[in-house]
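*Asks:* Structure below; questions to follow.
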Amino acid sequence: MAEAADTPGMTPSPARSPARRWLRRAGALLAGAPLLAGLLQLSAPTAQAAGPASAKEASDTGTVAVAVDSLSPGAPTDGDTLTVSGTVTNNGKQAVTGAHVNLRVGSALTTRSAIDGVAKHPDALTGDDGSEVGGKYAATFAKLTPGVAEHFSISVPVGKLDLGDEGVYPLGVAVSGETAAQQWDQVLGVQRTFLPWQPEEADTPTRTTVLWPLVSTVHMTAETGSDAQQTPVFLNDDLAKELAPGGRLEQMLSLGRELDVTWVIDPDLLASVDAMTGSYRIRGDGDTTTAGTHQAIAKQWLDDLQDAVLGKEVVALPFADPDLASLAHNGTGVAGSLSQLKEATDVAATTVETVLHVTPSTDFAWPVDGAVDPSIVKVATSAGADKVIARGDSLTETGDLTYTPSAARPIGGGTTAVVADARLSTAFEGDLTKASASTLAVQEFLAQSLALNQQTGKQRSVVVAPQRMPTAVQARAMAQAVTLLQGGTWSQPQQLAAAAKAKPDPGATTKVPSKSAYPSSLRKQELPRSAFEQIAYTQDRLDNFKVILANEARVVTPFGRAMNRETSTSWRGHNTAANTFRQSVQAYLDTLTGQVKLIDKSETKLSGRSATIPVTVQNNLVQGVDHLILRLTSTNPTRLEISDDAWAEQRVTVSGGHTSTVKFTTSANVNGQTRVIAQLYTEDGQKYGNEVAFDVRVTEITATVMLVIGGGVLLLVLAGFRMYTQRKRAAARGAEETEEAEGSEEDGEDGADGAPEAAEPADGPERAADPESRPEGDSGAPPGAAGPQQPSDGTPDTAVESADPSGTGERVDR
C-alpha cells in the first residue's frame, strides 16, 4: 500500500532512505498477518463444504479404517433404536490415543446420482459428514494399537438423529483421536453408508418385481449308460456342492422361499438335479467313471423347491439358458442355429411341469446383463417369446424425463421390453465376502429404491434383475435387502407378468440401441461362429444316425439336450471349457455311430462264372438298427458284375449286439482281379460310416477245359456201361454152368467113382490173374481207385482240388 504511488501512471514519491523504507515494509507485513490468518480460516470451511478438489483427494482414506459390519434396522421408523456395529483398525505406525467413534448425519440426498457419488468413495475424508450425534452415543478407546482391529457398537434412538423429512440420509461412522505426531483431536477415518427414512406409508408405493434366478453351469454330458435306465454321466460332482447345505443353490432356495419373488429357472438345472436323484456316474480320467452318491441331497433340494414355488410365479428360460447375444451376432448365419433355440424353448415348459408340477411362463427372453440391440431382440422373439428383459443401462433414456419410468416399453412388432433398473439390479455384484461390503450394498439398494419412489407421485412398476448366478454371500445380501424392502413403507411386491402389462410411461424411450452400441466387454465373451458351425455338424451327424435306430429317443434326447448346453450363457468367459465340451459331445456321437459298421474283408477268390460274395454288418449298439441299405459296387463291371449290373443293394436289419451277413450274386466274365466297394447308406441316400474295399480274384474256366472234362466224363460213363454188361453176361454163363453141373451129378450117380468132376467157370481164377485176359477198361482195382498212370498219359487239364485251406484269400460258395 505504501508503494501504491510507484505504480505506473502515478507521480513518484520523494526519495526515502533504505532503512526507513525497510521499517515501513515490515510494519505493513505485521499489520496484514492477522487479516491473512482470518481469510484462511474463512476459506477452509468453504473448501471443505465444496468437497474434494480432485479424484485423488476423494480417494484419500484416513489413518484408521472403519468397517460398518451391521446396521439395524436398515430402514428405521419412528420409535426405533438404530444400532451400528463394526470395527476400527489403526493402519498407521503410531498409536492413536483418546479415540472415539461416533455417528454423523448429513443432509438428505435428493437425487439418485448423489447416492452414487457417496457410494463411490464411502471412506474418503471430505470433511462434509454433517454434525455429530453427540452425548453418550459414542464408542471410546483409550488407545488404538497399530494393526489391531477393535470392535465397536453404537445404539442411538432414531429421534436423536434429528432427521427431517422423508428421504435418504448419508450416515457417517467416524473415528477421531490424536497421535504423537499430531497432538490434537481430528478425524482419522470414516465409513459412510445410507439411512433410508420413510416413517409413514408412501402415498404411491413403488410396485417392485424381484427376479430370483435359479441358474447354474453345465453339469451333464451327452453320455448315458447302456442299461435300460440310461444312467447319466456328469462332468464332475460340483452340482452336489451347490445343492448341499450352505451351497449356492441351497442358499438361493432357502432364502427365496421366504420372499415374494418371481422365480426364473433354467430347466437344465431341474433336469440335472432330477437325474441325480437316481443312479448317476461322474466322469473320471480317460474313459473311467465313478458312481455318484448324492441322491439324497438332490431329492431334498427338489422337494423343497416344489414347496417353494407352489402358488408363485415361475418363468422358464429356454433349456440350458442359451446365449441369445452370441446367437444373434455369430450364429444366425449358420443353418439350424435358430432351430436349436426353438427346440430349447419348446422343451422348457415340459421339463418344468414334469419336475416341479407347475406351469411356467415361457414368453420371456433374458439376454446377458439385459444388453439388447435389434439383432438380439429379433433372435429372442424368434422362438416365441414376446417379452425381452432388458436393463436400463442398455435401453437408456434419451428424453428429458426427470424420473425413472416404469419397466414396460413397447419396442415394436408386438414385443415388450421389460427394462430392469440398472442400479438396483447391479447392487449386489462384486466381492461381498466382508460384512462391511455386504452391509453397504444392502443400504445402497434401499436408498436407491426410496429415492426412486420420491422422484414423482406417479405409480410406477420397477423390475430388479440381478446377476444370473450370485454367490451364496451375494444371495444372502440380496435376500436381506429384499426382506427389508418388502417390509418397508414405500414399496410393494409385484409379479413379472403384471409389470410387463403395466401401462407404459409415454415419455419413456422405446428405441432399441444400435448393434454398434452393444458393450465391447460383453462381445468379447461371446461364442464364436465356429462354435455354431461345430454344433451344426454334430446335428447333421445325429440326424443321419437316428434314422437307422429302432428306438431313436435313447440317442436323440440326450444329444439334443447336450447341444442345447453347448450354447449356454454359462460358457461366457470360459472359451476353453466350452470348446472341450463341444468336442466331447461330437466325439461321443462318433463313437456311437461307429458301433454300426461293415467288417473288413480280405481278398476273395471266385472260381467259376457265378458265385456269391458275403458282406457282414456288425451292430455293437444295445438297440437294433434298421432302414440301412448295403450297396456293393464293382469298379470293373466288364470283368465282374454284381447282380447283372455294376452294383446292387440290399436292406439291412441287425439286432443289438449282433452281426448280419448279406450275400450278393456275382457274374465273372474275364479272368483277373477286380476292386469291389461295400458301403452302407441310409434310406434317404446318405452315406453311413466308412466304406470297405476289397479285391475279388476271378479264375474263369475256359471252353477247351470244359470240353476235355466233358469227354472224360463221357468215357467214364461208357466204361461203366461196358463193365456192367460184361458182368451181366458172366453171371448168365455162371448160371448155365451151374444147371449143367447139377445135371451131371444126377447122371454120375451111377458112375464108377461116384464123384463128379468140378467144372471151371469161364472167368476163373487164372483169367482173373492174367491182366491181358481182363476186359477192356477193367483195372482190377477197387471201384473208385485211381488207375496206374502211364508215360504216355497227358497232364490233366485241371489239378486235383486240394482239401487244404485256401490261404489268405476268401473262398466263396458257388
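Labels used: A, B, ... for chains in the order of the C-alpha cells, numbers from 1 for residues in each chain, and numbers from 1 for ligands as shown.
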Near Gly594 (chain A), counting only C-alpha atoms, which residues have an atom at most 10 Å away, once you skip same-chain residues fewer than 2 positions from it, shown as a ChimeraX atom specification?
*Replies:* /A:588-592,596-598,618-621,688-690
*Asks:* Might you pull out every residue within 6 Å of Ile642 (chain A), with only C-alpha atoms counted and same-chain residues fewer than 5 positions away left off, and present them as a list in words?
*Replies:*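 Listed by chain and then number, they are Trp647, Ala648 and Thr666 of chain A.
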*Asks:* Any chance you could export the current selection's N, CA and C atoms as a tab-separated table (two decimals), in the first residue's frame?
*Replies:*
```tsv
chain	number	residue	atom	x	y	z
A	647	TRP	N	-23.54	-102.55	-59.76
A	647	TRP	CA	-23.74	-102.53	-58.32
A	647	TRP	C	-25.09	-103.12	-57.98
A	648	ALA	N	-25.24	-103.47	-56.71
A	648	ALA	CA	-26.50	-103.99	-56.20
A	648	ALA	C	-26.62	-103.56	-54.75
A	666	THR	N	-22.79	-112.66	-58.01
A	666	THR	CA	-21.86	-112.03	-58.96
A	666	THR	C	-21.72	-112.89	-60.20
```
*Asks:* May I ask which of the residues A:Leu235, A:Leu341, A:Leu71, A:Ala499 is the closest one to Glu223 (chain A), counting only C-alpha atoms?
*Replies:*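 Closest candidate: A:Leu235.
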*Asks:* For a test of reading the model, state the distance in Å between CA of Leu485 (chain A) and CA of Gly311 (chain A), rounded to one decimal.
*Replies:* 21.3 Å
*Asks:* So which residues touch Leu640 (chain A) within 12 Å, counting only C-alpha atoms, skipping near sequence neighbours fewer than 4 positions away, as a ChimeraX atom specification?
*Replies:* /A:605-606,608-613,632-636,644-647,665-676,695-700
*Asks:* Where in region 550-620 of chain A does DSSP assign alpha helix (DSSP H), given as a ChimeraX atom specification?
*Replies:* /A:553-565,575-593
*Asks:* Okay, now the selection with C-alpha atoms, as a PDB file, in the first residue's frame?
*Replies:*
```
ATOM      1  CA  ALA A 553     -35.229 -91.481 -28.328  1.00  0.00           C
ATOM      2  CA  ARG A 554     -32.380 -93.194 -26.457  1.00  0.00           C
ATOM      3  CA  VAL A 555     -29.943 -91.165 -28.526  1.00  0.00           C
ATOM      4  CA  VAL A 556     -31.835 -88.100 -29.728  1.00  0.00           C
ATOM      5  CA  THR A 557     -32.898 -86.904 -26.287  1.00  0.00           C
ATOM      6  CA  PRO A 558     -29.500 -86.880 -24.519  1.00  0.00           C
ATOM      7  CA  PHE A 559     -27.712 -85.487 -27.558  1.00  0.00           C
ATOM      8  CA  GLY A 560     -30.375 -82.883 -28.218  1.00  0.00           C
ATOM      9  CA  ARG A 561     -30.060 -81.582 -24.666  1.00  0.00           C
ATOM     10  CA  ALA A 562     -26.269 -81.713 -24.863  1.00  0.00           C
ATOM     11  CA  MET A 563     -26.294 -79.496 -27.950  1.00  0.00           C
ATOM     12  CA  ASN A 564     -28.579 -77.063 -26.112  1.00  0.00           C
ATOM     13  CA  ARG A 565     -25.955 -76.941 -23.372  1.00  0.00           C
ATOM     14  CA  ASN A 575     -13.983 -70.451 -24.013  1.00  0.00           C
ATOM     15  CA  THR A 576     -11.572 -73.345 -23.487  1.00  0.00           C
ATOM     16  CA  ALA A 577     -14.039 -75.290 -21.377  1.00  0.00           C
ATOM     17  CA  ALA A 578     -16.812 -74.599 -23.883  1.00  0.00           C
ATOM     18  CA  ASN A 579     -14.716 -75.902 -26.770  1.00  0.00           C
ATOM     19  CA  THR A 580     -13.762 -79.009 -24.815  1.00  0.00           C
ATOM     20  CA  PHE A 581     -17.404 -79.753 -24.084  1.00  0.00           C
ATOM     21  CA  ARG A 582     -18.421 -79.399 -27.747  1.00  0.00           C
ATOM     22  CA  GLN A 583     -15.631 -81.708 -28.854  1.00  0.00           C
ATOM     23  CA  SER A 584     -16.597 -84.311 -26.260  1.00  0.00           C
ATOM     24  CA  VAL A 585     -20.192 -84.350 -27.489  1.00  0.00           C
ATOM     25  CA  GLN A 586     -19.095 -84.815 -31.088  1.00  0.00           C
ATOM     26  CA  ALA A 587     -16.542 -87.484 -30.172  1.00  0.00           C
ATOM     27  CA  TYR A 588     -19.106 -89.495 -28.240  1.00  0.00           C
ATOM     28  CA  LEU A 589     -21.560 -89.346 -31.137  1.00  0.00           C
ATOM     29  CA  ASP A 590     -18.815 -90.558 -33.476  1.00  0.00           C
ATOM     30  CA  THR A 591     -18.191 -93.431 -31.076  1.00  0.00           C
ATOM     31  CA  LEU A 592     -21.828 -94.489 -31.179  1.00  0.00           C
ATOM     32  CA  THR A 593     -22.177 -94.231 -34.943  1.00  0.00           C
TER      33      THR A 593
END
```
*Asks:* Per residue of region 174-243 of chain A within 12 Å of region 416-421 of chain A, which atom pair is closest and at what distance in Å (one decimal), using only C-alpha atoms, listed by chain and increasing number, as a Markdown table?
*Replies:*
```
| residue | atom | partner | partner_atom | distance |
| --- | --- | --- | --- | --- |
| A:Thr208 | CA | A:Ala420 | CA | 10.1 |
| A:Thr209 | CA | A:Ala420 | CA | 9.0 |
| A:Val210 | CA | A:Ala420 | CA | 9.4 |
| A:Leu211 | CA | A:Ala420 | CA | 9.7 |
```
*Asks:* Residues as selected, C-alpha atoms, written as a JSON list (two decimals), in the first residue's frame, can you do that?
*Replies:*
```
[["chain", "number", "residue", "atom", "x", "y", "z"],
["A", 208, "THR", "CA", -41.31, -53.75, -7.35],
["A", 209, "THR", "CA", -40.68, -57.05, -9.14],
["A", 210, "VAL", "CA", -37.65, -59.02, -7.98],
["A", 211, "LEU", "CA", -36.37, -61.84, -10.20]]
```
*Asks:* From the set A:Thr217, A:Thr206, A:Gln251, A:Thr140, which residue has the shortest atom-to-atom contact distance to Arg572 (chain A), counting only C-alpha atoms?
*Replies:*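 The closest residue to Arg572 (chain A) is A:Thr217.
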*Asks:* Compile the contact shell of Pro519 (chain A) as a PyMOL selection string: residues with an atom at most 10 Å away, counting only C-alpha atoms, same-chain residues fewer than 6 positions apart removed.
*Replies:* chain A and resi 371-372+394
*Asks:* How far is it from CA of Ser520 (chain A) to CA of Val388 (chain A), in Å with one decimal?
*Replies:*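 According to the coordinates, CA of Ser520 (chain A) and CA of Val388 (chain A) are separated by 20.7 Å.
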*Asks:* In Å, with one decimal, what is the gap from CA of Ser279 (chain A) to CA of Gln340 (chain A)?
*Replies:* 28.5 Å
*Asks:* Between A:Ser436, A:Val264, A:Val190, A:Tyr169, which residue has the minimum interatomic distance to Ala67 (chain A), considering only C-alpha atoms?
*Replies:*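 Under the stated criterion, the closest residue is A:Ser436.
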*Asks:* Among the residues of region 269-440 of chain A, find those DSSP assigns to strand (DSSP E or B) from the backbone and print them as JSON, numbers by chain.
*Replies:* {"A": [281, 282, 283, 289, 290, 291, 314, 315, 316, 322, 361, 364, 365, 387, 388, 389, 390, 391, 408, 409, 410, 411, 412, 415, 416, 417, 418, 419, 420]}
*Asks:* Take the residues that were just selected and, keeping C-alpha atoms, output them as a PDB file, in the first residue's frame.
*Replies:*
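Generated file (part.pdb):
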```pdb
ATOM      1  CA  ARG A 281     -21.982 -91.505 -12.635  1.00  0.00           C
ATOM      2  CA  ILE A 282     -19.163 -88.960 -12.547  1.00  0.00           C
ATOM      3  CA  ARG A 283     -16.639 -88.766 -15.367  1.00  0.00           C
ATOM      4  CA  THR A 289     -16.468 -93.123 -14.410  1.00  0.00           C
ATOM      5  CA  THR A 290     -17.359 -93.437 -10.752  1.00  0.00           C
ATOM      6  CA  ALA A 291     -20.741 -93.839  -9.127  1.00  0.00           C
ATOM      7  CA  VAL A 314     -42.340 -69.216 -12.347  1.00  0.00           C
ATOM      8  CA  VAL A 315     -40.609 -68.145 -15.544  1.00  0.00           C
ATOM      9  CA  ALA A 316     -38.789 -70.835 -17.525  1.00  0.00           C
ATOM     10  CA  PRO A 322     -28.837 -70.217 -24.433  1.00  0.00           C
ATOM     11  CA  SER A 361     -44.320 -68.837 -18.360  1.00  0.00           C
ATOM     12  CA  PHE A 364     -39.802 -64.014 -21.527  1.00  0.00           C
ATOM     13  CA  ALA A 365     -36.298 -63.819 -23.021  1.00  0.00           C
ATOM     14  CA  LYS A 387     -41.157 -60.003 -23.900  1.00  0.00           C
ATOM     15  CA  VAL A 388     -37.465 -59.212 -23.521  1.00  0.00           C
ATOM     16  CA  ILE A 389     -35.915 -58.479 -20.123  1.00  0.00           C
ATOM     17  CA  ALA A 390     -33.558 -55.566 -20.809  1.00  0.00           C
ATOM     18  CA  ARG A 391     -31.690 -53.270 -18.416  1.00  0.00           C
ATOM     19  CA  ALA A 408     -42.683 -51.848 -19.624  1.00  0.00           C
ATOM     20  CA  ARG A 409     -41.791 -50.341 -23.007  1.00  0.00           C
ATOM     21  CA  PRO A 410     -43.369 -51.275 -26.364  1.00  0.00           C
ATOM     22  CA  ILE A 411     -40.484 -51.582 -28.826  1.00  0.00           C
ATOM     23  CA  GLY A 412     -42.400 -52.564 -31.950  1.00  0.00           C
ATOM     24  CA  THR A 415     -42.687 -57.006 -28.440  1.00  0.00           C
ATOM     25  CA  THR A 416     -42.441 -55.504 -24.974  1.00  0.00           C
ATOM     26  CA  ALA A 417     -39.129 -54.659 -23.379  1.00  0.00           C
ATOM     27  CA  VAL A 418     -39.258 -55.090 -19.606  1.00  0.00           C
ATOM     28  CA  VAL A 419     -36.470 -52.735 -18.548  1.00  0.00           C
ATOM     29  CA  ALA A 420     -34.914 -53.603 -15.204  1.00  0.00           C
TER      30      ALA A 420
END
```
*Asks:* With distances taken over only C-alpha atoms, which residue among A:Thr77, A:Ser568, A:Gln229, A:Thr83 lies nearest Ser153 (chain A)?
*Replies:*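 Answer, going by the shortest atom-to-atom distance: A:Thr83.
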